[in-house]
Each structure stands twice: as C-alpha cells, then as structure tokens.
Amino acid sequence: MELEVRHLRALCAIADTGSLHKAARRLGVSQPSLTTQLRRIENALGAELFTRGRTGCLPTPLGRSVLSRARPLVDGMTALVTETRAAAARSADGPVLRVGSTASRALPGWLRRLRQGRPGTDIELRVDVSAHILLRTVAAGRLDLAFVHEVEGCPLRVPAGLTGRVLVEREPQFVSMASDHPAAGHEVVDLADLAHDRWTVDPAVDGEWDGLRRVLGAAGLDPPLLHADYHTAASLIALGEAVAPCQPTSHPREDMAVRPLRGDPLAVRLLLFAAPGVPLDGPYADLTAAYREAALRAAPYRRWLHAGGTAGPCMMSA
C-alpha cells in the first residue's frame with residue numbers, strides 16, 4: 001500500500017479532532033470506513049500511529065513524527081486547490097473575502113457589516129471549533145481573516161507571518177444550567193454551588209477541557225466531565241444532566257439559565273488575525289461594533305457590564 005494525500009489527510013483529521021467519530025464526520029465518511037483505513041495505514045507502516053483510550057485518539061511518538069511531515073504536504077495540496085479555485089472565482093465573479101471564525105454570536109452582525117462596507121465583494125465563511133485549525137488555514141493562504149478565542153492559561157500557537165489585534169482582553173465565561181437548577185435562582189453563581197454537578201465540554205475546542213479542569217481543580221472540585229458537541233451538550237443541560245461554560249453573549253432559554261460565575265474564574269481572550277497583506281483595521285472596526293451589539297443584547301452580560309464588569313476596549317461605553 002502506498003500512502004496518498006487522502007491517507008495523510010485522514011491522519012491529520014484524526015489528530016486534530018482527537019476522535020475517529022469526529023474525524024469521520026469532518027471527512028464525510030463513516031467511522032467504520034475510517035477505522036479500516038487507519039488500520040491499513042498502520043499495517044503498511046508496520047507501527048501504531050495512535051493510541052485509543054477513554055480520552056480519544058492520541059498520536060504515538062511515531063505518529064507525531066509522521067504528522068509533522070504529513071501536515072505540510074496536506075496543507076500544500078489543499079492550498080494549491082483552494083487558491084486555484086479562489087483565483088478562478090475572483091476573476092469570474094469579482095473580489096472574495098474569506099473569513100474564518102470559532103462560534104460567536106457576534107458573527108452574524110460582523111458578516112452583515114463586512115458585506116455592507118464592501119459592495120461587490122463575496123464574503124465566504126468557515127466556522128470551526130478549533131482556533132488552531134483556523135490559524136493554520138490563514139497561514140496556508142486559504143483564509144484571509146480568522147476571529148478566534150484563546151482559553152486563559154492555554155495560549156494559542158500562532159503561525160509566523162500573521163498580524164493580529166485583541167478584540168477583548170478577558171471575556172468572562174458564564175455557566176449554563178437547567179432553568180430549574182437550584183443555582184439558577186441566584187444572580188451570580190459560586191463554583192461551590194455546582195460542586196455536585198457534572199460538567200460537559202467539547203474536547204475539540206482548543207484548551208476548553210484543560211482550562212476548565214484547571215479552574216475546577218483550583219476550587220477543590222473534581223466533578224465528572226462529559227464530552228459532547230454543542231447540540232448534545234444543550235440537550236444535556238436543559239434536562240438537568242450537566243452544566244457547562246458558555247459565552248456571556250449566550251441568550252437564556254425557557255429551559256436553560258445563563259449566569260455569571262463569582263469572581264469570573266473562567267475567561268477567554270478574543271482575537272482577530274489576518275493573512276499577510278490583508279488589511280485589518282476595517283474588519284476589526286466592524287467586528288468591534290458587532291461584538292458590542294451582541295453583548296448588550298444578552299441580558300445577563302448586559303447586567304454584568306453595568307455592574308462594573310470590564311470586558312475590553314470595545315465595551316468601555318456600554
């Protein structure tokens with residue numbers, strides 16, 4: 001068996017997501033098919049590239065060595081295809097601005113402002129839970145801009161050559177819980193109020209699991225953690241099966257409450273990065289306005305700000 005680009009792409013997807021299930025979903029194949037493909041690759045190389053355990057798939061030392069050589073090849077081939085298609089699209093349909101982002105409620109308002117300020121420009125969007133993947137995509141020339149968050153205590157690895165601006169230096173992370181949770185009756189929640197709850201996190205979000213464990217450990221808590229994507233987590237929370245960190249711009253629902261944590265122990269930094277040569281000032285100003293709009297629309301965050309919380313320069317007049 002000779003390794004092809006598709007095999008290397010599969011290895012990178014498994015490493016990036018830490019899960020055969022998530023990697024298969026990203027690649028658009030079934031999990032059994034990807035498992036079989038991985039087994040064939042390992043058999044061809046004569047060694048195990050990943051260990052499978054409760055925490056997912058982790059590269060072995062040999063796997064890390066293979067990945068260090070596979071990534072440039074995969075990125076180069078993807079960049080070749082993407083840039084060729086983008087160049088053809090620009091020549092046929094006009095300019096294109098390629099935007100990447102982790103999940104944010106500021107995103108719709110930002111895209112609206114980008115379109116309004118750039119008539120005739122096609123705004124393309126890619127959303128990914130991984131800030132690292134988005135930054136590598138910008139560095140590879142497949143995105144022009146990336147709006148990402150950095151979990152406190154878990155710094156991002158920013159590729160060389162990108163320019164960046166800080167949107168919010170320290171955005172507090174609130175907690176979401178079932179609307180009938182005992183702590184939902186409080187304006188501000190202590191971590192101790194959640195000592196007997198299970199917490200749910202998405203392990204594919206860079207730094208979220210490690211950041212949460214660090215904060216809970218500092219508070220003397222060691223609750224069980226459930227790994228789930230956003231949609232599954234929302235169902236678990238609404239049913240009272242778990243609680244979870246959430247963005248302060250999150251809107252409460254009839255079956256779910258959103259509350260700040262006392263002392264704001266969980267936080268992220270919000271950043272905007274641009275590829276070399278891509279102007280940053282205009283998109284940054286648009287993003288600042290969109291974020292402020294989203295923040296003031298969320299009642300819990302608005303109350304937190306009016307009570308003296310400081311998220312960053314874009315909220316100084318909130």
# chains A, B, ... in the order shown; residues from 1 in each chain; ligands from 1
>>> residues_around(residues="Pro108 of chain A", least_positions_apart="4", cutoff="12 Å", atoms="only C-alpha atoms", output="mmCIF file with C-alpha atoms, in the first residue's frame")
data_model
loop_
_atom_site.group_PDB
_atom_site.id
_atom_site.type_symbol
_atom_site.label_atom_id
_atom_site.label_comp_id
_atom_site.auth_asym_id
_atom_site.auth_seq_id
_atom_site.Cartn_x
_atom_site.Cartn_y
_atom_site.Cartn_z
ATOM 1 C CA SER A 101 -14.349 32.042 12.993
ATOM 2 C CA ALA A 103 -18.517 30.084 17.265
ATOM 3 C CA SER A 104 -19.649 33.567 18.282
ATOM 4 C CA ARG A 112 -23.536 41.989 7.794
ATOM 5 C CA ARG A 113 -21.145 44.893 8.324
ATOM 6 C CA LEU A 114 -18.453 43.319 6.141
ATOM 7 C CA ARG A 115 -20.941 42.967 3.283
ATOM 8 C CA ILE A 123 -17.868 37.105 1.781
ATOM 9 C CA LEU A 125 -17.361 31.912 5.834
ATOM 10 C CA VAL A 127 -16.717 28.104 11.141
ATOM 11 C CA ASP A 286 -16.723 46.075 12.064
ATOM 12 C CA LEU A 287 -16.125 43.218 14.499
ATOM 13 C CA ALA A 289 -19.273 47.097 16.642
ATOM 14 C CA ALA A 290 -20.829 43.663 16.093
ATOM 15 C CA TYR A 291 -19.472 42.291 19.365
ATOM 16 C CA GLU A 293 -24.159 44.839 19.767
ATOM 17 C CA ALA A 294 -24.267 41.138 20.665
#
>>> select_by_dssp(residues="segment 49-287 of chain A", states="strand (DSSP E or B)", output="MDAnalysis selection string")
chainID A and resid 50:53 56:59 96:101 122:127 145:151 163:172 174:178 189 199:201 225:227 243:246 253 256:259 261 267:274
>>> closest_residue(among="A:Arg40, A:Arg165, A:Arg69, A:His7", to="Leu27 of chain A", atoms="only C-alpha atoms")
A:His7
>>> residues_around(residues="Leu280 of chain A", least_positions_apart="4", cutoff="9 Å", atoms="only C-alpha atoms", output="list of chain:residue names")
A:Leu145, A:Thr163, A:Gly164, A:Arg165, A:Leu272, A:Phe273, A:Ala274, A:Tyr284, A:Ala285
>>> closest_residue(among="A:Arg39, A:Arg9, A:Arg25, A:Arg118", to="Gly282 of chain A", atoms="only C-alpha atoms")
A:Arg118
>>> atom_distance(atom1="atom CA of Thr288 of chain A", atom2="atom CA of Trp110 of chain A")
8.3 Å
>>> closest_residue(among="A:Ala295, A:Asp180, A:Val166, A:Asp255", to="Val268 of chain A", atoms="only C-alpha atoms")
A:Val166
